[in-house]
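Everything on this sheet refers to the single structure shown next.
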Amino acid sequence: MIRASLNDPSYENMTPVQSDDSSGASGEGAAANHSRAALAPASRGPRRTPRTSLIVVLPEDHIVSPASLAERLPIATGCDVDVIVACAGQPINLHALQRTVADAQFLLAPAGTSMEDLRELAMERAPGDIVTLLSGALQSQPARVELEIKTS
Amino acid sequence: MPAPLSVSVVVPARNAARTLGTVLVALRESDLPRDSYEIIVVDDSSSDASATIAARHADTVIRLNGRVSGPAYARNRGAELARADVVIFVDADVVVRPDTLPRMLATLAAHPSLDAVSASHGERAGAPNFVSQYWNLLLRFGEQRHAGARAHFTSGCAAVRRSAFLSAGMYDEWRFGTAGLESLEFGQRLHGAGHDIFLDPALEVTHLTHWTTASVCREAWHRSTLLARSLGYQRTSVEAPGEVVFTLSRALTPALAVLATLTLAAAFLPQPYISSETAIALGALLLGNLSVYRFYANTRGLGFALAASPLHLCVQVVSAVALCTGWVLRDAVGDILPDATTQAYSEVGLEIWPPVPRRL
C-alpha cells in the first residue's frame, strides 16, 4: 500500500480497490478474492506494546467529524497508530481529515461499496494488533454542499 | 460531545467464522442506542475469517497472534480495553435478543448492590439436531434450578461491573487456557470478594453450537477433569451447584454405590440374580435423575425424555470416570499449569504483546 501524504491531497497517492462482482454490497467474503500480496503484513516479531490501527470507514455521502476522529486517536497513545481511511467514492471532507490526522493511508473503493465491505477491506490491510473501527455518519445534502464549498 | 458509553460488549472468538456474523448482527440489533455501547471482538489466533467478519460489525478488534490463549485470556484483554462501566461477555456462538443488553443494564441499575447478571440458555438450541437440544436443555436445567441471587457467572452471556471485575482479579488466564470452568471459578472469586451475582431465568440467549454425541462426551470429560483437578469437587459443589458436572454426577454417584454393593453381594449369589442387580442400579439411576427427566418431559414431552435417557446415561458415565481421573491427576501431577515456555516467560517477567498470562 502506498501512503498518501496529507499535505498533498491528490488521489494519485491513494490505493484504489479493484471493483469486482464480489466486492459489492453483499457477502462476507467480499475481500477474500483480493491478492494476499496486497494485504498488510501481519505483525511479526516480539514487541512490548501492541500495534494499533484506526480505520475510518466512509461510505458514499458519509463523513466523520474531526472531533470524533480526534477523540478516538488518543485511545491509541503511547505507540504508533496506523490510520486507514476507507472511502467509497470520493471522500467529502478530505481536507478536514488531513488536518486532523498527520499521516494516513487512503483506501479508495468503488462508489456504492457498503459500509461492511469497506470495513472488511480495510481490516485486511490494517497491520495493528488492536484495530479500532470508526464509521462515518450520513451527511445531509445541504450540509454536504456547504462542506464541499468550504473545503474546495 | 458524544454520550458516554453505557456498556462494552466483549466477544472472544476462536475459529468462529460460522457463527460470529450472526452473533454480532444480533448485538447490533439490540434495543440500546448504537452509540451507547461498543462491541469488542478478541480474535484468539483464528485460522479462519473470524477477524474480517468481526471487522464488519465490531468497533474494536483485538488480534492475538501466535499461540491459542483461550477465552479467559481473550476476555481479559477485551475488558482491559473496555471504556464503559459495565462489561458484558458474550460468547461467539451466543445470540442475544434485542432486549438482553438493556435488561441486564436495567437490573444492574435497579440493584446497586448487585455486581453481575447472568443470562440463561434458551429453551431451544440454535442447532436443530437432537444432541444439541439435549445438551442445551441440560445446561438450562442446571441454570434454572439455581437461578436467582448467589448464582454462578455464566460464560455464554453475563454482565459485570468493570470495577468489580478488576477488583476480583479478572479471569484466571493462568490456569484456564481452554474453555470450561473459567467463568464458574471467576464467579466463585466474585462471591468471595463480596460481590453478588444474579441469574435471571427470564433472560435467555440462544447457543448456536452444533453438538454431536462425541463432542458432548468430550465436553463432559473436559469439564469434569478440569473441575476435579483444578477446583476440587466438594468446594465447588457447595458454591456453584448449577454447573452441569453436578447435574451429571449427582445421581450417578449413589447409583454406582448401589451397583458396587450389589455386585459385591452377587459374589455370594447364584447367576440369575446379576440381571436384577443391574436393573436395580439402573432404576436407582433413573430415580436419581427424575428431576432431569421430568424437566425434559415438561419442556419437550415424554418422547424426548425417553429418547434422552440413553444419551444422558452415557454422558453421566463419561463424567463420573473423568471426575475420578481428575482427582487422580490432582494427587499425582498437581493443579493445572500453563506450558513450560509460558511459565519461564512469566518467571523472568518478559514484557511482550500479546502479554504472558498473569498469575492470580
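Each chain of the C-alpha cells is named A, B, ... in the order shown, its residues numbered from 1; ligands are numbered from 1 in display order.
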Which chain B residues are at most 12 Å from chain A (counting only C-alpha atoms), as a PyMOL selection string?
-> chain B and resi 1-3+17-18+20-22+25+34-35+38-45+48-66+77-78+80-83+349-356
Export, as a tab-separated table (two decimals), in the first residue's frame, the selected residues with C-alpha atoms.
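What follows is the written file result_20.tsv:
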```tsv
chain	number	residue	atom	x	y	z
B	1	MET	CA	-19.63	15.67	22.63
B	2	PRO	CA	-20.66	12.01	22.28
B	3	ALA	CA	-22.76	10.43	25.02
B	17	ALA	CA	-16.48	-17.71	11.31
B	18	ARG	CA	-19.58	-19.90	11.07
B	20	LEU	CA	-19.71	-14.88	14.58
B	21	GLY	CA	-21.57	-12.88	11.92
B	22	THR	CA	-24.96	-13.90	13.31
B	25	VAL	CA	-25.62	-8.77	13.92
B	34	ARG	CA	-25.97	2.02	18.89
B	35	ASP	CA	-23.73	4.82	20.11
B	38	GLU	CA	-19.23	-0.71	21.97
B	39	ILE	CA	-18.51	-4.16	20.60
B	40	ILE	CA	-15.01	-5.52	21.16
B	41	VAL	CA	-14.10	-8.80	19.45
B	42	VAL	CA	-10.96	-10.57	20.61
B	43	ASP	CA	-9.72	-12.90	17.90
B	44	ASP	CA	-7.79	-15.71	19.57
B	45	SER	CA	-5.37	-16.65	16.77
B	48	ASP	CA	-10.38	-18.70	9.56
B	49	ALA	CA	-12.01	-15.39	8.62
B	50	SER	CA	-13.13	-14.51	12.16
B	51	ALA	CA	-11.14	-11.24	12.26
B	52	THR	CA	-12.54	-9.88	9.00
B	53	ILE	CA	-16.08	-10.92	9.92
B	54	ALA	CA	-15.58	-9.15	13.24
B	55	ALA	CA	-14.46	-6.02	11.42
B	56	ARG	CA	-17.75	-5.87	9.55
B	57	HIS	CA	-19.69	-5.24	12.75
B	58	ALA	CA	-17.41	-4.52	15.71
B	59	ASP	CA	-15.99	-1.25	16.99
B	60	THR	CA	-12.68	-2.76	18.04
B	61	VAL	CA	-10.94	-5.96	17.01
B	62	ILE	CA	-8.05	-7.29	19.07
B	63	ARG	CA	-5.88	-9.81	17.26
B	64	LEU	CA	-3.96	-12.22	19.46
B	65	ASN	CA	-1.42	-13.67	17.09
B	66	GLY	CA	0.70	-16.68	17.89
B	77	ARG	CA	-7.73	-8.45	27.01
B	78	GLY	CA	-11.12	-7.21	25.86
B	80	GLU	CA	-8.82	-4.13	29.67
B	81	LEU	CA	-9.73	-2.12	26.61
B	82	ALA	CA	-13.37	-1.62	27.56
B	83	ARG	CA	-14.37	2.01	28.06
B	349	GLY	CA	8.85	-11.08	33.72
B	350	LEU	CA	9.02	-10.89	29.95
B	351	GLU	CA	7.04	-7.99	28.52
B	352	ILE	CA	5.67	-8.79	25.10
B	353	TRP	CA	2.48	-8.48	23.13
B	354	PRO	CA	0.28	-10.45	23.50
B	355	PRO	CA	1.22	-10.40	27.18
B	356	VAL	CA	2.27	-13.51	29.04
```
Quick one: residues within 9 Å of A:Val101, only C-alpha atoms, excluding same-chain residues fewer than 6 positions away - as a compact mmCIF listing (two decimals) with C-alpha atoms, in the first residue's frame?
```
# COMPACT_ATOMS: atom_id res chain seq x y z
CA LEU A 6 -1.76 14.53 3.71
CA PRO A 66 -12.62 15.75 13.03
CA LEU A 69 -11.71 11.28 14.96
CA ALA A 70 -9.53 13.18 17.39
CA LEU A 73 -6.88 8.88 18.39
CA VAL A 83 -4.73 5.36 10.33
```
Residue contacts of B:Val23 (8 Å, only C-alpha atoms) excluding same-chain residues fewer than 5 positions away, as JSON, numbers by chain = {"B": [92, 93, 94, 95, 96]}
May I have the selected residues written with C-alpha atoms, as an mmCIF file, in the first residue's frame?
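As a result, part02.cif now contains:
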```
data_model
loop_
_atom_site.group_PDB
_atom_site.id
_atom_site.type_symbol
_atom_site.label_atom_id
_atom_site.label_comp_id
_atom_site.auth_asym_id
_atom_site.auth_seq_id
_atom_site.Cartn_x
_atom_site.Cartn_y
_atom_site.Cartn_z
ATOM 1 C CA ALA B 92 -19.008 -16.229 19.762
ATOM 2 C CA ASP B 93 -21.833 -18.770 19.472
ATOM 3 C CA VAL B 94 -24.398 -16.912 21.579
ATOM 4 C CA VAL B 95 -27.206 -14.906 20.024
ATOM 5 C CA VAL B 96 -28.685 -12.280 22.311
#
```
Excluding B:Ala332 and any residue of its chain fewer than 6 positions from it, enumerate the residues within 12 Å of it, using only C-alpha atoms, and give them as a ChimeraX atom specification.
-> /B:229,325-326
Keeping only C-alpha atoms, write the selected residues as a short mmCIF file (atom, residue, chain, number, x, y, z; two decimals), in the first residue's frame.
```cif
data_model
loop_
_atom_site.label_atom_id
_atom_site.label_comp_id
_atom_site.auth_asym_id
_atom_site.auth_seq_id
_atom_site.Cartn_x
_atom_site.Cartn_y
_atom_site.Cartn_z
CA ARG B 229 -8.22 -31.28 39.01
CA THR B 325 -9.36 -39.23 36.56
CA GLY B 326 -9.19 -35.58 37.58
#
```
May I have the residues within 8 Å of stretch 112-120 of chain B as a count of residues only, using only C-alpha atoms and disregarding those fewer than 3 positions away in the same chain?
-> 28
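Between atom CA of B:Val321 and atom CA of B:Ala220 the separation is 10.1 Å.
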